>>> print(open('data.pdb').read())   # PDB, N, CA and C atoms
MODEL        1
ATOM      1  N   MET A 120     -22.286   0.446 -12.068  1.00  0.00           N
ATOM      2  CA  MET A 120     -21.244  -0.431 -12.525  1.00  0.00           C
ATOM      3  C   MET A 120     -21.894  -1.683 -13.112  1.00  0.00           C
ATOM      4  N   SER A 121     -21.431  -2.064 -14.269  1.00  0.00           N
ATOM      5  CA  SER A 121     -21.996  -3.254 -14.905  1.00  0.00           C
ATOM      6  C   SER A 121     -21.409  -4.521 -14.285  1.00  0.00           C
ATOM      7  N   ILE A 122     -22.064  -5.612 -14.499  1.00  0.00           N
ATOM      8  CA  ILE A 122     -21.602  -6.890 -13.974  1.00  0.00           C
ATOM      9  C   ILE A 122     -20.245  -7.251 -14.572  1.00  0.00           C
ATOM     10  N   PHE A 123     -20.064  -6.964 -15.844  1.00  0.00           N
ATOM     11  CA  PHE A 123     -18.797  -7.252 -16.510  1.00  0.00           C
ATOM     12  C   PHE A 123     -17.642  -6.502 -15.856  1.00  0.00           C
ATOM     13  N   SER A 124     -17.808  -5.205 -15.614  1.00  0.00           N
ATOM     14  CA  SER A 124     -16.727  -4.423 -15.010  1.00  0.00           C
ATOM     15  C   SER A 124     -16.477  -4.841 -13.560  1.00  0.00           C
ATOM     16  N   PHE A 125     -17.529  -5.255 -12.853  1.00  0.00           N
ATOM     17  CA  PHE A 125     -17.359  -5.744 -11.486  1.00  0.00           C
ATOM     18  C   PHE A 125     -16.502  -7.005 -11.465  1.00  0.00           C
ATOM     19  N   ILE A 126     -16.805  -7.937 -12.346  1.00  0.00           N
ATOM     20  CA  ILE A 126     -16.040  -9.186 -12.425  1.00  0.00           C
ATOM     21  C   ILE A 126     -14.608  -8.907 -12.881  1.00  0.00           C
ATOM     22  N   LYS A 127     -14.447  -8.012 -13.812  1.00  0.00           N
ATOM     23  CA  LYS A 127     -13.122  -7.647 -14.296  1.00  0.00           C
ATOM     24  C   LYS A 127     -12.274  -7.070 -13.166  1.00  0.00           C
ATOM     25  N   ASN A 128     -12.859  -6.239 -12.314  1.00  0.00           N
ATOM     26  CA  ASN A 128     -12.129  -5.657 -11.182  1.00  0.00           C
ATOM     27  C   ASN A 128     -11.735  -6.699 -10.145  1.00  0.00           C
ATOM     28  N   LEU A 129     -12.502  -7.766 -10.030  1.00  0.00           N
ATOM     29  CA  LEU A 129     -12.158  -8.834  -9.091  1.00  0.00           C
ATOM     30  C   LEU A 129     -10.841  -9.512  -9.467  1.00  0.00           C
ATOM     31  N   PHE A 130     -10.580  -9.620 -10.754  1.00  0.00           N
ATOM     32  CA  PHE A 130      -9.397 -10.321 -11.227  1.00  0.00           C
ATOM     33  C   PHE A 130      -8.241  -9.390 -11.572  1.00  0.00           C
ATOM     34  N   LYS A 131      -8.430  -8.099 -11.406  1.00  0.00           N
ATOM     35  CA  LYS A 131      -7.373  -7.151 -11.717  1.00  0.00           C
ATOM     36  C   LYS A 131      -6.284  -7.244 -10.652  1.00  0.00           C
ATOM     37  N   LYS A 132      -5.068  -7.403 -11.071  1.00  0.00           N
ATOM     38  CA  LYS A 132      -3.957  -7.558 -10.148  1.00  0.00           C
ATOM     39  C   LYS A 132      -3.379  -6.175  -9.800  1.00  0.00           C
ATOM     40  N   GLU A 133      -3.251  -5.927  -8.508  1.00  0.00           N
ATOM     41  CA  GLU A 133      -2.680  -4.667  -8.069  1.00  0.00           C
ATOM     42  C   GLU A 133      -1.170  -4.809  -7.941  1.00  0.00           C
ATOM     43  N   LYS A 134      -0.466  -3.725  -8.205  1.00  0.00           N
ATOM     44  CA  LYS A 134       0.980  -3.728  -8.050  1.00  0.00           C
ATOM     45  C   LYS A 134       1.304  -3.695  -6.560  1.00  0.00           C
ATOM     46  N   ILE A 135       2.224  -4.548  -6.142  1.00  0.00           N
ATOM     47  CA  ILE A 135       2.614  -4.646  -4.745  1.00  0.00           C
ATOM     48  C   ILE A 135       4.004  -4.027  -4.584  1.00  0.00           C
ATOM     49  N   PHE A 136       4.176  -3.202  -3.537  1.00  0.00           N
ATOM     50  CA  PHE A 136       5.439  -2.534  -3.264  1.00  0.00           C
ATOM     51  C   PHE A 136       6.050  -3.068  -1.972  1.00  0.00           C
ATOM     52  N   SER A 137       7.364  -3.267  -1.965  1.00  0.00           N
ATOM     53  CA  SER A 137       8.071  -3.552  -0.728  1.00  0.00           C
ATOM     54  C   SER A 137       8.217  -2.232   0.007  1.00  0.00           C
ATOM     55  N   CYS A 138       7.826  -2.199   1.287  1.00  0.00           N
ATOM     56  CA  CYS A 138       7.789  -0.941   2.030  1.00  0.00           C
ATOM     57  C   CYS A 138       8.417  -1.079   3.411  1.00  0.00           C
ATOM     58  N   ILE A 139       8.903   0.035   3.914  1.00  0.00           N
ATOM     59  CA  ILE A 139       9.307   0.150   5.308  1.00  0.00           C
ATOM     60  C   ILE A 139       8.232   0.992   5.979  1.00  0.00           C
ATOM     61  N   VAL A 140       7.641   0.457   7.049  1.00  0.00           N
ATOM     62  CA  VAL A 140       6.577   1.155   7.765  1.00  0.00           C
ATOM     63  C   VAL A 140       7.115   1.531   9.142  1.00  0.00           C
ATOM     64  N   TRP A 141       7.074   2.820   9.472  1.00  0.00           N
ATOM     65  CA  TRP A 141       7.614   3.333  10.732  1.00  0.00           C
ATOM     66  C   TRP A 141       6.502   4.051  11.475  1.00  0.00           C
ATOM     67  N   ASP A 142       6.248   3.642  12.715  1.00  0.00           N
ATOM     68  CA  ASP A 142       5.198   4.279  13.499  1.00  0.00           C
ATOM     69  C   ASP A 142       5.756   5.129  14.643  1.00  0.00           C
ATOM     70  N   GLY A 143       7.057   5.375  14.653  1.00  0.00           N
ATOM     71  CA  GLY A 143       7.681   6.179  15.699  1.00  0.00           C
ATOM     72  C   GLY A 143       8.354   5.325  16.758  1.00  0.00           C
ATOM     73  N   LYS A 144       7.977   4.058  16.855  1.00  0.00           N
ATOM     74  CA  LYS A 144       8.562   3.150  17.840  1.00  0.00           C
ATOM     75  C   LYS A 144       9.156   1.911  17.196  1.00  0.00           C
ATOM     76  N   THR A 145       8.415   1.338  16.249  1.00  0.00           N
ATOM     77  CA  THR A 145       8.870   0.112  15.598  1.00  0.00           C
ATOM     78  C   THR A 145       8.858   0.260  14.084  1.00  0.00           C
ATOM     79  N   MET A 146       9.725  -0.500  13.463  1.00  0.00           N
ATOM     80  CA  MET A 146       9.824  -0.487  12.007  1.00  0.00           C
ATOM     81  C   MET A 146       9.416  -1.872  11.494  1.00  0.00           C
ATOM     82  N   SER A 147       8.607  -1.909  10.466  1.00  0.00           N
ATOM     83  CA  SER A 147       8.167  -3.163   9.864  1.00  0.00           C
ATOM     84  C   SER A 147       8.475  -3.138   8.375  1.00  0.00           C
ATOM     85  N   TYR A 148       8.707  -4.300   7.835  1.00  0.00           N
ATOM     86  CA  TYR A 148       8.946  -4.446   6.401  1.00  0.00           C
ATOM     87  C   TYR A 148       7.779  -5.219   5.828  1.00  0.00           C
ATOM     88  N   LEU A 149       6.966  -4.563   5.008  1.00  0.00           N
ATOM     89  CA  LEU A 149       5.754  -5.159   4.483  1.00  0.00           C
ATOM     90  C   LEU A 149       5.702  -5.051   2.972  1.00  0.00           C
ATOM     91  N   ASN A 150       4.880  -5.877   2.371  1.00  0.00           N
ATOM     92  CA  ASN A 150       4.550  -5.776   0.949  1.00  0.00           C
ATOM     93  C   ASN A 150       3.106  -5.309   0.864  1.00  0.00           C
ATOM     94  N   LEU A 151       2.906  -4.084   0.351  1.00  0.00           N
ATOM     95  CA  LEU A 151       1.584  -3.470   0.339  1.00  0.00           C
ATOM     96  C   LEU A 151       1.233  -2.960  -1.056  1.00  0.00           C
ATOM     97  N   SER A 152      -0.057  -2.954  -1.350  1.00  0.00           N
ATOM     98  CA  SER A 152      -0.526  -2.313  -2.575  1.00  0.00           C
ATOM     99  C   SER A 152      -0.711  -0.824  -2.288  1.00  0.00           C
ATOM    100  N   GLN A 153      -0.842  -0.025  -3.335  1.00  0.00           N
ATOM    101  CA  GLN A 153      -1.030   1.415  -3.145  1.00  0.00           C
ATOM    102  C   GLN A 153      -2.312   1.701  -2.371  1.00  0.00           C
ATOM    103  N   LYS A 154      -3.333   0.914  -2.607  1.00  0.00           N
ATOM    104  CA  LYS A 154      -4.606   1.067  -1.910  1.00  0.00           C
ATOM    105  C   LYS A 154      -4.426   0.844  -0.400  1.00  0.00           C
ATOM    106  N   GLU A 155      -3.659  -0.181  -0.029  1.00  0.00           N
ATOM    107  CA  GLU A 155      -3.397  -0.465   1.389  1.00  0.00           C
ATOM    108  C   GLU A 155      -2.556   0.636   2.022  1.00  0.00           C
ATOM    109  N   ILE A 156      -1.585   1.152   1.286  1.00  0.00           N
ATOM    110  CA  ILE A 156      -0.745   2.243   1.784  1.00  0.00           C
ATOM    111  C   ILE A 156      -1.603   3.470   2.081  1.00  0.00           C
ATOM    112  N   ASP A 157      -2.454   3.847   1.125  1.00  0.00           N
ATOM    113  CA  ASP A 157      -3.320   5.009   1.306  1.00  0.00           C
ATOM    114  C   ASP A 157      -4.241   4.842   2.503  1.00  0.00           C
ATOM    115  N   LYS A 158      -4.790   3.643   2.689  1.00  0.00           N
ATOM    116  CA  LYS A 158      -5.708   3.385   3.791  1.00  0.00           C
ATOM    117  C   LYS A 158      -4.980   3.473   5.137  1.00  0.00           C
ATOM    118  N   LYS A 159      -3.770   2.916   5.229  1.00  0.00           N
ATOM    119  CA  LYS A 159      -3.008   2.965   6.481  1.00  0.00           C
ATOM    120  C   LYS A 159      -2.642   4.402   6.843  1.00  0.00           C
ATOM    121  N   ILE A 160      -2.222   5.180   5.868  1.00  0.00           N
ATOM    122  CA  ILE A 160      -1.848   6.571   6.123  1.00  0.00           C
ATOM    123  C   ILE A 160      -3.075   7.397   6.508  1.00  0.00           C
ATOM    124  N   PHE A 161      -4.219   7.116   5.903  1.00  0.00           N
ATOM    125  CA  PHE A 161      -5.452   7.842   6.214  1.00  0.00           C
ATOM    126  C   PHE A 161      -5.861   7.639   7.671  1.00  0.00           C
ATOM    127  N   TYR A 162      -5.768   6.398   8.160  1.00  0.00           N
ATOM    128  CA  TYR A 162      -6.215   6.095   9.520  1.00  0.00           C
ATOM    129  C   TYR A 162      -5.172   6.400  10.588  1.00  0.00           C
ATOM    130  N   ASP A 163      -3.888   6.450  10.233  1.00  0.00           N
ATOM    131  CA  ASP A 163      -2.841   6.739  11.209  1.00  0.00           C
ATOM    132  C   ASP A 163      -1.932   7.824  10.637  1.00  0.00           C
ATOM    133  N   LYS A 164      -2.205   9.065  11.004  1.00  0.00           N
ATOM    134  CA  LYS A 164      -1.503  10.217  10.428  1.00  0.00           C
ATOM    135  C   LYS A 164      -0.008  10.240  10.766  1.00  0.00           C
ATOM    136  N   GLU A 165       0.417   9.592  11.863  1.00  0.00           N
ATOM    137  CA  GLU A 165       1.821   9.604  12.272  1.00  0.00           C
ATOM    138  C   GLU A 165       2.631   8.484  11.626  1.00  0.00           C
ATOM    139  N   LEU A 166       1.979   7.627  10.881  1.00  0.00           N
ATOM    140  CA  LEU A 166       2.635   6.501  10.232  1.00  0.00           C
ATOM    141  C   LEU A 166       3.432   6.995   9.028  1.00  0.00           C
ATOM    142  N   VAL A 167       4.666   6.527   8.890  1.00  0.00           N
ATOM    143  CA  VAL A 167       5.511   6.881   7.747  1.00  0.00           C
ATOM    144  C   VAL A 167       5.764   5.608   6.953  1.00  0.00           C
ATOM    145  N   ILE A 168       5.378   5.633   5.677  1.00  0.00           N
ATOM    146  CA  ILE A 168       5.584   4.478   4.802  1.00  0.00           C
ATOM    147  C   ILE A 168       6.479   4.908   3.652  1.00  0.00           C
ATOM    148  N   THR A 169       7.610   4.200   3.497  1.00  0.00           N
ATOM    149  CA  THR A 169       8.557   4.494   2.436  1.00  0.00           C
ATOM    150  C   THR A 169       8.674   3.277   1.533  1.00  0.00           C
ATOM    151  N   LYS A 170       8.444   3.484   0.246  1.00  0.00           N
ATOM    152  CA  LYS A 170       8.567   2.390  -0.723  1.00  0.00           C
ATOM    153  C   LYS A 170      10.044   2.139  -1.010  1.00  0.00           C
ATOM    154  N   LYS A 171      10.386   0.886  -1.273  1.00  0.00           N
ATOM    155  CA  LYS A 171      11.754   0.504  -1.588  1.00  0.00           C
ATOM    156  C   LYS A 171      12.272   1.294  -2.793  1.00  0.00           C
ATOM    157  N   GLU A 172      11.400   1.525  -3.773  1.00  0.00           N
ATOM    158  CA  GLU A 172      11.769   2.276  -4.978  1.00  0.00           C
ATOM    159  C   GLU A 172      12.227   3.695  -4.626  1.00  0.00           C
ATOM    160  N   GLU A 173      11.624   4.287  -3.604  1.00  0.00           N
ATOM    161  CA  GLU A 173      11.979   5.649  -3.196  1.00  0.00           C
ATOM    162  C   GLU A 173      13.342   5.692  -2.524  1.00  0.00           C
ATOM    163  N   ILE A 174      13.721   4.622  -1.845  1.00  0.00           N
ATOM    164  CA  ILE A 174      14.998   4.561  -1.157  1.00  0.00           C
ATOM    165  C   ILE A 174      16.142   4.399  -2.145  1.00  0.00           C
ATOM    166  N   ILE A 175      15.930   3.552  -3.147  1.00  0.00           N
ATOM    167  CA  ILE A 175      16.996   3.240  -4.130  1.00  0.00           C
ATOM    168  C   ILE A 175      17.254   4.440  -5.032  1.00  0.00           C
ATOM    169  N   ASN A 176      16.225   5.174  -5.429  1.00  0.00           N
ATOM    170  CA  ASN A 176      16.401   6.289  -6.367  1.00  0.00           C
ATOM    171  C   ASN A 176      16.866   7.484  -5.675  1.00  0.00           C
TER
ENDMDL
END
>>> encode(input="data.pdb", output="structure tokens")
Amino acid sequence: MSIFSFIKNLFKKEKIFSCIVWDGKTMSYLNLSQKEIDKKIFYDKELVITKKEEIIN
């Protein structure tokens, strides 16, 4: 990776989603990026994350 692309990635804005996070006991309302969603689901297989966009459509 070149220095230019590294610096460019530092300033790249990720899209943030309003989400409902359910772990089987408690429900949380969070704003997460897709990267954060993927990481949470990877580490906790029982976690259910639903984006607000999925609920409305």
>>> select_by_dssp(input="data.pdb", residues="chain A", states="helix (DSSP H, G or I)", output="MDAnalysis selection string")
chainID A and resid 122:130 153:162 171:175
>>> write_last_selection(input="data.pdb", atoms="N, CA and C atoms", output="compact mmCIF listing (two decimals), in the frame of the given file")
# COMPACT_ATOMS: atom_id res chain seq x y z
N ILE A 122 -22.06 -5.61 -14.50
CA ILE A 122 -21.60 -6.89 -13.97
C ILE A 122 -20.24 -7.25 -14.57
N PHE A 123 -20.06 -6.96 -15.84
CA PHE A 123 -18.80 -7.25 -16.51
C PHE A 123 -17.64 -6.50 -15.86
N SER A 124 -17.81 -5.20 -15.61
CA SER A 124 -16.73 -4.42 -15.01
C SER A 124 -16.48 -4.84 -13.56
N PHE A 125 -17.53 -5.26 -12.85
CA PHE A 125 -17.36 -5.74 -11.49
C PHE A 125 -16.50 -7.00 -11.46
N ILE A 126 -16.80 -7.94 -12.35
CA ILE A 126 -16.04 -9.19 -12.42
C ILE A 126 -14.61 -8.91 -12.88
N LYS A 127 -14.45 -8.01 -13.81
CA LYS A 127 -13.12 -7.65 -14.30
C LYS A 127 -12.27 -7.07 -13.17
N ASN A 128 -12.86 -6.24 -12.31
CA ASN A 128 -12.13 -5.66 -11.18
C ASN A 128 -11.74 -6.70 -10.14
N LEU A 129 -12.50 -7.77 -10.03
CA LEU A 129 -12.16 -8.83 -9.09
C LEU A 129 -10.84 -9.51 -9.47
N PHE A 130 -10.58 -9.62 -10.75
CA PHE A 130 -9.40 -10.32 -11.23
C PHE A 130 -8.24 -9.39 -11.57
N GLN A 153 -0.84 -0.02 -3.34
CA GLN A 153 -1.03 1.42 -3.14
C GLN A 153 -2.31 1.70 -2.37
N LYS A 154 -3.33 0.91 -2.61
CA LYS A 154 -4.61 1.07 -1.91
C LYS A 154 -4.43 0.84 -0.40
N GLU A 155 -3.66 -0.18 -0.03
CA GLU A 155 -3.40 -0.46 1.39
C GLU A 155 -2.56 0.64 2.02
N ILE A 156 -1.58 1.15 1.29
CA ILE A 156 -0.74 2.24 1.78
C ILE A 156 -1.60 3.47 2.08
N ASP A 157 -2.45 3.85 1.12
CA ASP A 157 -3.32 5.01 1.31
C ASP A 157 -4.24 4.84 2.50
N LYS A 158 -4.79 3.64 2.69
CA LYS A 158 -5.71 3.38 3.79
C LYS A 158 -4.98 3.47 5.14
N LYS A 159 -3.77 2.92 5.23
CA LYS A 159 -3.01 2.96 6.48
C LYS A 159 -2.64 4.40 6.84
N ILE A 160 -2.22 5.18 5.87
CA ILE A 160 -1.85 6.57 6.12
C ILE A 160 -3.08 7.40 6.51
N PHE A 161 -4.22 7.12 5.90
CA PHE A 161 -5.45 7.84 6.21
C PHE A 161 -5.86 7.64 7.67
N TYR A 162 -5.77 6.40 8.16
CA TYR A 162 -6.22 6.10 9.52
C TYR A 162 -5.17 6.40 10.59
N LYS A 171 10.39 0.89 -1.27
CA LYS A 171 11.75 0.50 -1.59
C LYS A 171 12.27 1.29 -2.79
N GLU A 172 11.40 1.52 -3.77
CA GLU A 172 11.77 2.28 -4.98
C GLU A 172 12.23 3.70 -4.63
N GLU A 173 11.62 4.29 -3.60
CA GLU A 173 11.98 5.65 -3.20
C GLU A 173 13.34 5.69 -2.52
N ILE A 174 13.72 4.62 -1.84
CA ILE A 174 15.00 4.56 -1.16
C ILE A 174 16.14 4.40 -2.14
N ILE A 175 15.93 3.55 -3.15
CA ILE A 175 17.00 3.24 -4.13
C ILE A 175 17.25 4.44 -5.03
>>> resolve_selection(input="data.pdb", expression="the PyMOL selection byres (((chain A and resi 170 and name CA) around 7) and name CA)", output="list of chain:residue names")
A:Phe136, A:Ser137, A:Cys138, A:Ile139, A:Ile168, A:Thr169, A:Lys171, A:Glu172, A:Glu173, A:Ile174
>>> residues_around(input="data.pdb", residues="Lys134 of chain A", least_positions_apart="6", cutoff="6 Å", atoms="all atoms listed in the file", output="list in words")
Leu151, Ser152 and Gln153 of chain A
>>> atom_distance(input="data.pdb", atom1="atom N of Asp157 of chain A", atom2="atom CA of Lys127 of chain A")
22.0 Å
>>> atom_distance(input="data.pdb", atom1="atom CA of Leu149 of chain A", atom2="atom C of Ile135 of chain A")
9.3 Å
>>> closest_residue(input="data.pdb", among="A:Ile175, A:Val167, A:Lys131, A:Ile122", to="Tyr148 of chain A", atoms="only C-alpha atoms")
A:Val167
>>> axis_aligned_box(input="data.pdb", around="segment 133-149 of chain A", padding_each_side="8 Å", output="AutoDock Vina command-line options")
--center_x 3.3 --center_y 0.1 --center_z 4.7 --size_x 29.1 --size_y 28.1 --size_z 42.3
>>> atom_distance(input="data.pdb", atom1="atom C of Phe123 of chain A", atom2="atom CA of Asn150 of chain A")
27.8 Å
>>> select_by_dssp(input="data.pdb", residues="chain A", states="strand (DSSP E or B)", output="list in words")
Ile135, Phe136, Ser137, Cys138, Ile139, Val140, Trp141, Met146, Ser147, Tyr148, Leu149, Asn150, Leu151, Ser152, Val167, Ile168, Thr169 and Lys170 of chain A
